[in-house]
>>> print(open('target06.cif').read())   # mmCIF, all heavy atoms
data_model
loop_
_atom_site.label_atom_id
_atom_site.label_comp_id
_atom_site.auth_asym_id
_atom_site.auth_seq_id
_atom_site.Cartn_x
_atom_site.Cartn_y
_atom_site.Cartn_z
N MET A 16 0.84 -1.18 0.00
CA MET A 16 0.00 0.00 0.00
C MET A 16 0.89 1.24 0.00
O MET A 16 1.99 1.23 0.57
CB MET A 16 -0.89 0.02 1.23
CG MET A 16 -1.85 -1.16 1.34
SD MET A 16 -3.11 -1.18 0.09
CE MET A 16 -4.30 -0.09 0.78
N LYS A 17 0.39 2.29 -0.62
CA LYS A 17 1.12 3.55 -0.68
C LYS A 17 0.26 4.67 -0.13
O LYS A 17 -0.94 4.72 -0.37
CB LYS A 17 1.50 3.89 -2.12
CG LYS A 17 2.52 2.95 -2.70
CD LYS A 17 3.03 3.47 -4.02
CE LYS A 17 4.12 2.55 -4.51
NZ LYS A 17 4.99 3.16 -5.46
N LYS A 18 0.90 5.57 0.62
CA LYS A 18 0.25 6.78 1.08
C LYS A 18 0.59 7.88 0.09
O LYS A 18 1.78 8.10 -0.22
CB LYS A 18 0.75 7.19 2.46
CG LYS A 18 0.10 6.50 3.60
CD LYS A 18 0.56 7.14 4.89
CE LYS A 18 -0.08 6.48 6.07
NZ LYS A 18 0.39 7.06 7.33
N ILE A 19 -0.42 8.58 -0.39
CA ILE A 19 -0.21 9.64 -1.37
C ILE A 19 -0.80 10.92 -0.80
O ILE A 19 -1.96 10.95 -0.38
CB ILE A 19 -0.90 9.29 -2.70
CG1 ILE A 19 -0.42 7.93 -3.20
CG2 ILE A 19 -0.62 10.37 -3.74
CD1 ILE A 19 -1.25 7.35 -4.31
N LYS A 20 0.02 11.99 -0.78
CA LYS A 20 -0.41 13.27 -0.23
C LYS A 20 -0.31 14.34 -1.30
O LYS A 20 0.74 14.48 -1.95
CB LYS A 20 0.47 13.65 0.97
CG LYS A 20 0.11 14.97 1.60
CD LYS A 20 0.99 15.25 2.79
CE LYS A 20 0.62 16.56 3.45
NZ LYS A 20 1.49 16.86 4.60
N LEU A 21 -1.38 15.10 -1.50
CA LEU A 21 -1.37 16.20 -2.45
C LEU A 21 -0.71 17.40 -1.78
O LEU A 21 -1.17 17.87 -0.75
CB LEU A 21 -2.81 16.55 -2.88
CG LEU A 21 -2.96 17.58 -3.99
CD1 LEU A 21 -2.31 17.09 -5.28
CD2 LEU A 21 -4.42 17.90 -4.22
N VAL A 22 0.39 17.90 -2.35
CA VAL A 22 1.14 18.99 -1.74
C VAL A 22 1.12 20.27 -2.57
O VAL A 22 1.49 21.33 -2.06
CB VAL A 22 2.61 18.59 -1.45
CG1 VAL A 22 2.68 17.52 -0.39
CG2 VAL A 22 3.33 18.16 -2.70
N LYS A 23 0.68 20.19 -3.80
CA LYS A 23 0.59 21.39 -4.64
C LYS A 23 -0.82 21.50 -5.22
O LYS A 23 -1.51 20.50 -5.41
CB LYS A 23 1.61 21.35 -5.78
CG LYS A 23 3.03 21.51 -5.31
CD LYS A 23 3.96 21.75 -6.47
CE LYS A 23 5.38 21.96 -5.97
NZ LYS A 23 6.30 22.17 -7.09
N SER A 24 -1.21 22.71 -5.53
CA SER A 24 -2.55 22.98 -6.02
C SER A 24 -2.76 22.43 -7.43
O SER A 24 -1.83 22.34 -8.23
CB SER A 24 -2.80 24.49 -6.04
OG SER A 24 -4.04 24.78 -6.63
N LEU A 25 -4.01 22.07 -7.70
CA LEU A 25 -4.37 21.60 -9.04
C LEU A 25 -4.76 22.75 -9.96
O LEU A 25 -4.98 22.54 -11.15
CB LEU A 25 -5.55 20.61 -8.93
CG LEU A 25 -5.25 19.32 -8.15
CD1 LEU A 25 -6.52 18.52 -7.98
CD2 LEU A 25 -4.19 18.51 -8.84
N ILE A 26 -4.81 23.97 -9.42
CA ILE A 26 -5.16 25.13 -10.23
C ILE A 26 -4.07 25.36 -11.26
O ILE A 26 -2.88 25.37 -10.94
CB ILE A 26 -5.32 26.39 -9.35
CG1 ILE A 26 -6.50 26.21 -8.42
CG2 ILE A 26 -5.49 27.64 -10.20
CD1 ILE A 26 -6.65 27.30 -7.39
N GLY A 27 -4.45 25.50 -12.50
CA GLY A 27 -3.50 25.74 -13.57
C GLY A 27 -2.91 24.48 -14.18
O GLY A 27 -2.15 24.55 -15.13
N CYS A 28 -3.27 23.33 -13.62
CA CYS A 28 -2.78 22.06 -14.16
C CYS A 28 -3.58 21.68 -15.40
O CYS A 28 -4.71 22.12 -15.58
CB CYS A 28 -2.90 20.94 -13.13
SG CYS A 28 -1.77 21.11 -11.76
N LYS A 29 -3.00 20.82 -16.19
CA LYS A 29 -3.70 20.32 -17.37
C LYS A 29 -4.85 19.43 -16.94
O LYS A 29 -4.85 18.85 -15.84
CB LYS A 29 -2.73 19.55 -18.25
CG LYS A 29 -1.64 20.44 -18.81
CD LYS A 29 -0.77 19.66 -19.75
CE LYS A 29 0.39 20.36 -20.22
NZ LYS A 29 0.75 21.39 -20.78
N ASP A 30 -5.85 19.33 -17.79
CA ASP A 30 -7.08 18.60 -17.47
C ASP A 30 -6.79 17.14 -17.11
O ASP A 30 -7.37 16.61 -16.16
CB ASP A 30 -8.04 18.68 -18.66
CG ASP A 30 -9.42 18.20 -18.31
OD1 ASP A 30 -9.90 18.55 -17.20
OD2 ASP A 30 -10.03 17.48 -19.12
N TYR A 31 -5.87 16.49 -17.82
CA TYR A 31 -5.58 15.09 -17.53
C TYR A 31 -4.93 14.92 -16.16
O TYR A 31 -5.13 13.91 -15.50
CB TYR A 31 -4.73 14.44 -18.63
CG TYR A 31 -3.27 14.83 -18.64
CD1 TYR A 31 -2.35 14.11 -17.89
CD2 TYR A 31 -2.81 15.90 -19.38
CE1 TYR A 31 -1.01 14.44 -17.89
CE2 TYR A 31 -1.48 16.24 -19.39
CZ TYR A 31 -0.58 15.51 -18.65
OH TYR A 31 0.76 15.85 -18.64
N GLN A 32 -4.17 15.92 -15.71
CA GLN A 32 -3.55 15.84 -14.40
C GLN A 32 -4.59 15.98 -13.29
O GLN A 32 -4.54 15.28 -12.28
CB GLN A 32 -2.49 16.93 -14.25
CG GLN A 32 -1.30 16.71 -15.16
CD GLN A 32 -0.36 17.89 -15.20
OE1 GLN A 32 -0.77 19.03 -15.04
NE2 GLN A 32 0.92 17.61 -15.43
N ILE A 33 -5.56 16.85 -13.49
CA ILE A 33 -6.64 17.03 -12.52
C ILE A 33 -7.46 15.75 -12.42
O ILE A 33 -7.78 15.27 -11.33
CB ILE A 33 -7.53 18.23 -12.91
CG1 ILE A 33 -6.71 19.52 -12.82
CG2 ILE A 33 -8.77 18.29 -12.02
CD1 ILE A 33 -7.40 20.74 -13.41
N LYS A 34 -7.79 15.15 -13.57
CA LYS A 34 -8.57 13.92 -13.57
C LYS A 34 -7.81 12.77 -12.91
O LYS A 34 -8.39 11.95 -12.22
CB LYS A 34 -8.96 13.55 -14.99
CG LYS A 34 -10.01 14.46 -15.58
CD LYS A 34 -10.37 14.09 -17.00
CE LYS A 34 -11.42 15.03 -17.54
NZ LYS A 34 -11.74 14.74 -18.95
N THR A 35 -6.49 12.73 -13.11
CA THR A 35 -5.67 11.69 -12.49
C THR A 35 -5.68 11.85 -10.97
O THR A 35 -5.83 10.87 -10.24
CB THR A 35 -4.23 11.75 -13.03
OG1 THR A 35 -4.25 11.58 -14.44
CG2 THR A 35 -3.37 10.66 -12.40
N ALA A 36 -5.54 13.08 -10.48
CA ALA A 36 -5.57 13.32 -9.04
C ALA A 36 -6.93 12.93 -8.46
O ALA A 36 -7.00 12.29 -7.41
CB ALA A 36 -5.28 14.79 -8.75
N LYS A 37 -8.01 13.27 -9.15
CA LYS A 37 -9.35 12.92 -8.68
C LYS A 37 -9.53 11.40 -8.67
O LYS A 37 -10.16 10.85 -7.76
CB LYS A 37 -10.42 13.54 -9.56
CG LYS A 37 -10.38 15.05 -9.65
CD LYS A 37 -11.04 15.72 -8.49
CE LYS A 37 -11.07 17.22 -8.73
NZ LYS A 37 -11.20 17.98 -7.54
N SER A 38 -8.97 10.70 -9.64
CA SER A 38 -9.12 9.25 -9.69
C SER A 38 -8.35 8.57 -8.54
O SER A 38 -8.71 7.48 -8.13
CB SER A 38 -8.65 8.69 -11.03
OG SER A 38 -7.25 8.73 -11.14
N LEU A 39 -7.32 9.24 -8.03
CA LEU A 39 -6.61 8.73 -6.87
C LEU A 39 -7.33 9.09 -5.57
O LEU A 39 -6.96 8.62 -4.50
CB LEU A 39 -5.18 9.28 -6.83
CG LEU A 39 -4.20 8.70 -7.83
CD1 LEU A 39 -2.92 9.51 -7.86
CD2 LEU A 39 -3.91 7.25 -7.52
N GLY A 40 -8.34 9.96 -5.65
CA GLY A 40 -9.09 10.37 -4.47
C GLY A 40 -8.58 11.65 -3.84
O GLY A 40 -8.94 11.96 -2.71
N LEU A 41 -7.76 12.41 -4.56
CA LEU A 41 -7.19 13.64 -4.03
C LEU A 41 -7.99 14.85 -4.51
O LEU A 41 -8.19 15.03 -5.71
CB LEU A 41 -5.74 13.78 -4.48
CG LEU A 41 -4.80 12.68 -4.02
CD1 LEU A 41 -3.49 12.76 -4.76
CD2 LEU A 41 -4.59 12.75 -2.53
N LYS A 42 -8.44 15.66 -3.54
CA LYS A 42 -9.24 16.84 -3.89
C LYS A 42 -8.65 18.12 -3.32
O LYS A 42 -8.68 19.16 -3.97
CB LYS A 42 -10.66 16.67 -3.38
CG LYS A 42 -11.39 15.52 -4.02
CD LYS A 42 -12.74 15.33 -3.40
CE LYS A 42 -13.40 14.09 -3.99
NZ LYS A 42 -14.26 13.42 -3.07
N LYS A 43 -8.12 18.06 -2.11
CA LYS A 43 -7.62 19.26 -1.43
C LYS A 43 -6.13 19.10 -1.09
O LYS A 43 -5.66 17.99 -0.85
CB LYS A 43 -8.38 19.48 -0.13
CG LYS A 43 -9.85 19.77 -0.32
CD LYS A 43 -10.50 20.01 1.03
CE LYS A 43 -11.96 20.35 0.84
NZ LYS A 43 -12.61 20.64 2.13
N ILE A 44 -5.43 20.22 -1.02
CA ILE A 44 -4.03 20.21 -0.62
C ILE A 44 -3.94 19.69 0.81
O ILE A 44 -4.73 20.06 1.67
CB ILE A 44 -3.43 21.62 -0.72
CG1 ILE A 44 -3.41 22.08 -2.16
CG2 ILE A 44 -2.01 21.64 -0.15
CD1 ILE A 44 -2.94 23.50 -2.35
N GLY A 45 -3.00 18.81 1.05
CA GLY A 45 -2.81 18.23 2.37
C GLY A 45 -3.57 16.93 2.59
O GLY A 45 -3.36 16.25 3.58
N GLN A 46 -4.45 16.59 1.66
CA GLN A 46 -5.24 15.36 1.80
C GLN A 46 -4.34 14.15 1.54
O GLN A 46 -3.51 14.15 0.64
CB GLN A 46 -6.39 15.38 0.80
CG GLN A 46 -7.32 14.21 0.93
CD GLN A 46 -8.49 14.29 -0.04
OE1 GLN A 46 -8.52 15.14 -0.93
NE2 GLN A 46 -9.43 13.40 0.12
N VAL A 47 -4.53 13.11 2.36
CA VAL A 47 -3.74 11.89 2.24
C VAL A 47 -4.69 10.73 1.96
O VAL A 47 -5.72 10.59 2.62
CB VAL A 47 -2.95 11.60 3.53
CG1 VAL A 47 -2.17 10.31 3.41
CG2 VAL A 47 -2.02 12.76 3.84
N VAL A 48 -4.35 9.92 0.97
CA VAL A 48 -5.12 8.72 0.65
C VAL A 48 -4.18 7.52 0.62
O VAL A 48 -2.98 7.67 0.44
CB VAL A 48 -5.86 8.84 -0.71
CG1 VAL A 48 -6.91 9.94 -0.67
CG2 VAL A 48 -4.90 9.07 -1.85
N THR A 49 -4.74 6.35 0.80
CA THR A 49 -3.98 5.11 0.71
C THR A 49 -4.47 4.34 -0.51
O THR A 49 -5.67 4.13 -0.66
CB THR A 49 -4.18 4.26 1.98
OG1 THR A 49 -3.81 5.06 3.10
CG2 THR A 49 -3.31 3.03 1.94
N GLN A 50 -3.54 3.94 -1.36
CA GLN A 50 -3.86 3.22 -2.58
C GLN A 50 -3.02 1.94 -2.64
O GLN A 50 -1.92 1.89 -2.09
CB GLN A 50 -3.55 4.08 -3.81
CG GLN A 50 -4.42 5.31 -3.97
CD GLN A 50 -5.83 4.97 -4.41
OE1 GLN A 50 -6.07 3.95 -5.03
NE2 GLN A 50 -6.76 5.83 -4.06
N PRO A 51 -3.53 0.92 -3.34
CA PRO A 51 -2.74 -0.31 -3.47
C PRO A 51 -1.50 -0.08 -4.33
O PRO A 51 -1.48 0.80 -5.18
CB PRO A 51 -3.71 -1.28 -4.16
CG PRO A 51 -4.72 -0.41 -4.82
CD PRO A 51 -4.83 0.83 -3.98
N ASP A 52 -0.48 -0.88 -4.08
CA ASP A 52 0.78 -0.76 -4.82
C ASP A 52 0.71 -1.69 -6.03
O ASP A 52 1.12 -2.84 -5.97
CB ASP A 52 1.95 -1.13 -3.91
CG ASP A 52 3.29 -0.84 -4.56
OD1 ASP A 52 3.30 -0.25 -5.65
OD2 ASP A 52 4.31 -1.22 -3.98
N ASN A 53 0.15 -1.18 -7.14
CA ASN A 53 0.07 -1.97 -8.37
C ASN A 53 0.44 -1.10 -9.56
O ASN A 53 0.73 0.09 -9.41
CB ASN A 53 -1.33 -2.59 -8.53
CG ASN A 53 -2.44 -1.56 -8.55
OD1 ASN A 53 -2.25 -0.44 -8.99
ND2 ASN A 53 -3.60 -1.94 -8.07
N ASP A 54 0.45 -1.68 -10.74
CA ASP A 54 0.88 -0.96 -11.94
C ASP A 54 -0.02 0.22 -12.27
O ASP A 54 0.45 1.28 -12.70
CB ASP A 54 0.94 -1.91 -13.14
CG ASP A 54 2.10 -2.90 -13.04
OD1 ASP A 54 3.05 -2.61 -12.28
OD2 ASP A 54 2.04 -3.95 -13.70
N ALA A 55 -1.32 0.07 -12.08
CA ALA A 55 -2.25 1.16 -12.39
C ALA A 55 -1.99 2.37 -11.49
O ALA A 55 -1.92 3.51 -11.97
CB ALA A 55 -3.69 0.69 -12.24
N THR A 56 -1.83 2.13 -10.22
CA THR A 56 -1.56 3.21 -9.28
C THR A 56 -0.21 3.85 -9.56
O THR A 56 -0.08 5.07 -9.54
CB THR A 56 -1.60 2.69 -7.83
OG1 THR A 56 -2.87 2.09 -7.58
CG2 THR A 56 -1.39 3.81 -6.83
N ASN A 57 0.79 3.04 -9.86
CA ASN A 57 2.13 3.58 -10.16
C ASN A 57 2.11 4.44 -11.42
O ASN A 57 2.83 5.44 -11.49
CB ASN A 57 3.14 2.45 -10.29
CG ASN A 57 3.40 1.77 -8.96
OD1 ASN A 57 3.24 2.36 -7.91
ND2 ASN A 57 3.79 0.51 -9.02
N GLY A 58 1.30 4.09 -12.40
CA GLY A 58 1.17 4.90 -13.60
C GLY A 58 0.54 6.25 -13.31
O GLY A 58 0.96 7.29 -13.84
N LYS A 59 -0.48 6.25 -12.46
CA LYS A 59 -1.14 7.51 -12.07
C LYS A 59 -0.17 8.39 -11.29
O LYS A 59 -0.13 9.61 -11.50
CB LYS A 59 -2.38 7.22 -11.23
CG LYS A 59 -3.49 6.56 -12.01
CD LYS A 59 -4.65 6.21 -11.09
CE LYS A 59 -5.72 5.43 -11.82
NZ LYS A 59 -6.84 5.07 -10.94
N ILE A 60 0.59 7.78 -10.40
CA ILE A 60 1.57 8.53 -9.61
C ILE A 60 2.61 9.18 -10.54
O ILE A 60 2.98 10.33 -10.35
CB ILE A 60 2.24 7.61 -8.58
CG1 ILE A 60 1.24 7.26 -7.47
CG2 ILE A 60 3.49 8.25 -8.00
CD1 ILE A 60 1.71 6.17 -6.53
N ALA A 61 3.05 8.45 -11.54
CA ALA A 61 4.06 8.97 -12.46
C ALA A 61 3.57 10.20 -13.23
O ALA A 61 4.35 11.10 -13.54
CB ALA A 61 4.48 7.89 -13.45
N ARG A 62 2.27 10.28 -13.50
CA ARG A 62 1.72 11.41 -14.26
C ARG A 62 1.68 12.69 -13.44
O ARG A 62 1.75 13.78 -14.02
CB ARG A 62 0.30 11.10 -14.73
CG ARG A 62 0.22 10.04 -15.80
CD ARG A 62 -1.16 9.93 -16.31
NE ARG A 62 -1.25 10.67 -17.57
CZ ARG A 62 -2.30 10.70 -18.35
NH1 ARG A 62 -3.38 10.05 -18.01
NH2 ARG A 62 -2.29 11.38 -19.46
N ILE A 63 1.54 12.57 -12.11
CA ILE A 63 1.41 13.78 -11.29
C ILE A 63 2.43 13.81 -10.15
O ILE A 63 2.16 14.41 -9.10
CB ILE A 63 -0.03 13.93 -10.75
CG1 ILE A 63 -0.43 12.74 -9.88
CG2 ILE A 63 -1.02 14.15 -11.88
CD1 ILE A 63 -1.71 12.96 -9.09
N ILE A 64 3.59 13.20 -10.36
CA ILE A 64 4.60 13.10 -9.31
C ILE A 64 5.05 14.48 -8.82
O ILE A 64 5.42 14.63 -7.65
CB ILE A 64 5.81 12.25 -9.77
CG1 ILE A 64 6.73 11.89 -8.60
CG2 ILE A 64 6.58 12.96 -10.88
CD1 ILE A 64 6.11 10.99 -7.58
N HIS A 65 4.98 15.50 -9.65
CA HIS A 65 5.40 16.85 -9.25
C HIS A 65 4.39 17.54 -8.33
O HIS A 65 4.69 18.59 -7.76
CB HIS A 65 5.67 17.70 -10.50
CG HIS A 65 4.47 17.85 -11.38
ND1 HIS A 65 4.00 16.82 -12.16
CD2 HIS A 65 3.65 18.90 -11.58
CE1 HIS A 65 2.94 17.24 -12.83
NE2 HIS A 65 2.70 18.49 -12.49
N LEU A 66 3.21 16.94 -8.15
CA LEU A 66 2.16 17.54 -7.32
C LEU A 66 1.97 16.81 -5.99
O LEU A 66 1.23 17.29 -5.13
CB LEU A 66 0.82 17.51 -8.07
CG LEU A 66 0.76 18.22 -9.42
CD1 LEU A 66 -0.57 17.95 -10.09
CD2 LEU A 66 0.98 19.71 -9.24
N ILE A 67 2.60 15.64 -5.84
CA ILE A 67 2.32 14.78 -4.69
C ILE A 67 3.58 14.34 -3.98
O ILE A 67 4.69 14.49 -4.51
CB ILE A 67 1.52 13.52 -5.14
CG1 ILE A 67 2.30 12.72 -6.18
CG2 ILE A 67 0.15 13.90 -5.66
CD1 ILE A 67 1.65 11.43 -6.59
N GLU A 68 3.38 13.79 -2.77
CA GLU A 68 4.44 13.07 -2.04
C GLU A 68 3.95 11.66 -1.83
O GLU A 68 2.79 11.44 -1.47
CB GLU A 68 4.69 13.73 -0.67
CG GLU A 68 5.42 15.03 -0.72
CD GLU A 68 5.62 15.63 0.66
OE1 GLU A 68 5.09 15.09 1.66
OE2 GLU A 68 6.31 16.65 0.73
N VAL A 69 4.84 10.69 -2.03
CA VAL A 69 4.47 9.28 -1.91
C VAL A 69 5.32 8.62 -0.84
O VAL A 69 6.54 8.85 -0.78
CB VAL A 69 4.67 8.55 -3.26
CG1 VAL A 69 4.26 7.10 -3.15
CG2 VAL A 69 3.89 9.24 -4.36
N SER A 70 4.69 7.83 0.01
CA SER A 70 5.41 7.04 1.01
C SER A 70 4.74 5.70 1.16
O SER A 70 3.61 5.51 0.72
CB SER A 70 5.47 7.79 2.35
OG SER A 70 4.16 7.98 2.85
N GLU A 71 5.45 4.77 1.79
CA GLU A 71 4.90 3.45 2.02
C GLU A 71 3.98 3.47 3.24
O GLU A 71 4.34 4.03 4.27
CB GLU A 71 6.02 2.43 2.24
CG GLU A 71 6.82 2.12 1.00
CD GLU A 71 6.01 1.46 -0.10
OE1 GLU A 71 5.16 0.63 0.22
OE2 GLU A 71 6.24 1.80 -1.26
N ALA A 72 2.81 2.89 3.10
CA ALA A 72 1.87 2.78 4.22
C ALA A 72 2.20 1.51 5.00
O ALA A 72 2.62 0.51 4.43
CB ALA A 72 0.44 2.74 3.71
N ASN A 73 1.99 1.55 6.30
CA ASN A 73 2.27 0.38 7.14
C ASN A 73 1.02 -0.40 7.39
O ASN A 73 -0.02 -0.04 7.49
CB ASN A 73 2.90 0.80 8.46
CG ASN A 73 4.28 1.38 8.24
OD1 ASN A 73 4.95 1.00 7.29
ND2 ASN A 73 4.69 2.29 9.08
#
>>> encode(input="target06.cif", output="structure tokens")
Amino acid sequence: MKKIKLVKSLIGCKDYQIKTAKSLGLKKIGQVVTQPDNDATNGKIARIIHLIEVSEAN
């Protein structure tokens, strides 16, 4: 499992980046979600890595 935290605003981002963040469950700055560690999640993380912080969930 991975913990994903939105650290930068989605304002001014491209539409696909906003949709990717929403699909991960991120809406507000500072929000933290837990997602499974699989290829689909890793692909989404790669698209918006400059907007988020990722860590391993225990």
>>> closest_residue(input="target06.cif", among="A:Ala61, A:Ala55, A:Ala72, A:Leu41", to="A:Leu21", atoms="all atoms listed in the file")
A:Leu41
>>> residues_around(input="target06.cif", residues="stretch 23-37 of chain A", least_positions_apart="4", cutoff="4 Å", atoms="all atoms listed in the file", output="PyMOL selection string")
chain A and resi 41+44+59+62-63+65-66
>>> atom_distance(input="target06.cif", atom1="atom OE1 of A:Glu71", atom2="atom CD of A:Lys43")
24.9 Å
>>> atom_distance(input="target06.cif", atom1="atom CA of A:Leu39", atom2="atom CA of A:Ile60")
8.6 Å
>>> atom_distance(input="target06.cif", atom1="atom CA of A:Asn57", atom2="atom CA of A:Gly45")
19.9 Å
>>> select_by_dssp(input="target06.cif", residues="chain A", states="alpha helix (DSSP H)", output="ChimeraX atom specification")
/A:30-38,54-62
>>> select_by_dssp(input="target06.cif", residues="chain A", states="strand (DSSP E)", output="list in words")
Lys17, Lys18, Ile19, Lys20, Leu21, Val47, Val48, Thr49, Gln50, Ile67, Glu68, Val69, Ser70 and Glu71 of chain A
>>> closest_residue(input="target06.cif", among="A:Gly58, A:Asn73, A:Glu68, A:Gly40", to="A:Met16", atoms="all heavy atoms")
A:Asn73
>>> resolve_selection(input="target06.cif", expression="the PyMOL selection byres ((chain A and resi 70) around 3.5)", output="list in words")
Lys17, Lys18, Val69 and Glu71 of chain A
>>> write_last_selection(input="target06.cif", atoms="all heavy atoms", output="short mmCIF file (atom, residue, chain, number, x, y, z; two decimals), in the frame of the given file")
data_model
loop_
_atom_site.label_atom_id
_atom_site.label_comp_id
_atom_site.auth_asym_id
_atom_site.auth_seq_id
_atom_site.Cartn_x
_atom_site.Cartn_y
_atom_site.Cartn_z
N LYS A 17 0.39 2.29 -0.62
CA LYS A 17 1.12 3.55 -0.68
C LYS A 17 0.26 4.67 -0.13
O LYS A 17 -0.94 4.72 -0.37
CB LYS A 17 1.50 3.89 -2.12
CG LYS A 17 2.52 2.95 -2.70
CD LYS A 17 3.03 3.47 -4.02
CE LYS A 17 4.12 2.55 -4.51
NZ LYS A 17 4.99 3.16 -5.46
N LYS A 18 0.90 5.57 0.62
CA LYS A 18 0.25 6.78 1.08
C LYS A 18 0.59 7.88 0.09
O LYS A 18 1.78 8.10 -0.22
CB LYS A 18 0.75 7.19 2.46
CG LYS A 18 0.10 6.50 3.60
CD LYS A 18 0.56 7.14 4.89
CE LYS A 18 -0.08 6.48 6.07
NZ LYS A 18 0.39 7.06 7.33
N VAL A 69 4.84 10.69 -2.03
CA VAL A 69 4.47 9.28 -1.91
C VAL A 69 5.32 8.62 -0.84
O VAL A 69 6.54 8.85 -0.78
CB VAL A 69 4.67 8.55 -3.26
CG1 VAL A 69 4.26 7.10 -3.15
CG2 VAL A 69 3.89 9.24 -4.36
N GLU A 71 5.45 4.77 1.79
CA GLU A 71 4.90 3.45 2.02
C GLU A 71 3.98 3.47 3.24
O GLU A 71 4.34 4.03 4.27
CB GLU A 71 6.02 2.43 2.24
CG GLU A 71 6.82 2.12 1.00
CD GLU A 71 6.01 1.46 -0.10
OE1 GLU A 71 5.16 0.63 0.22
OE2 GLU A 71 6.24 1.80 -1.26
#
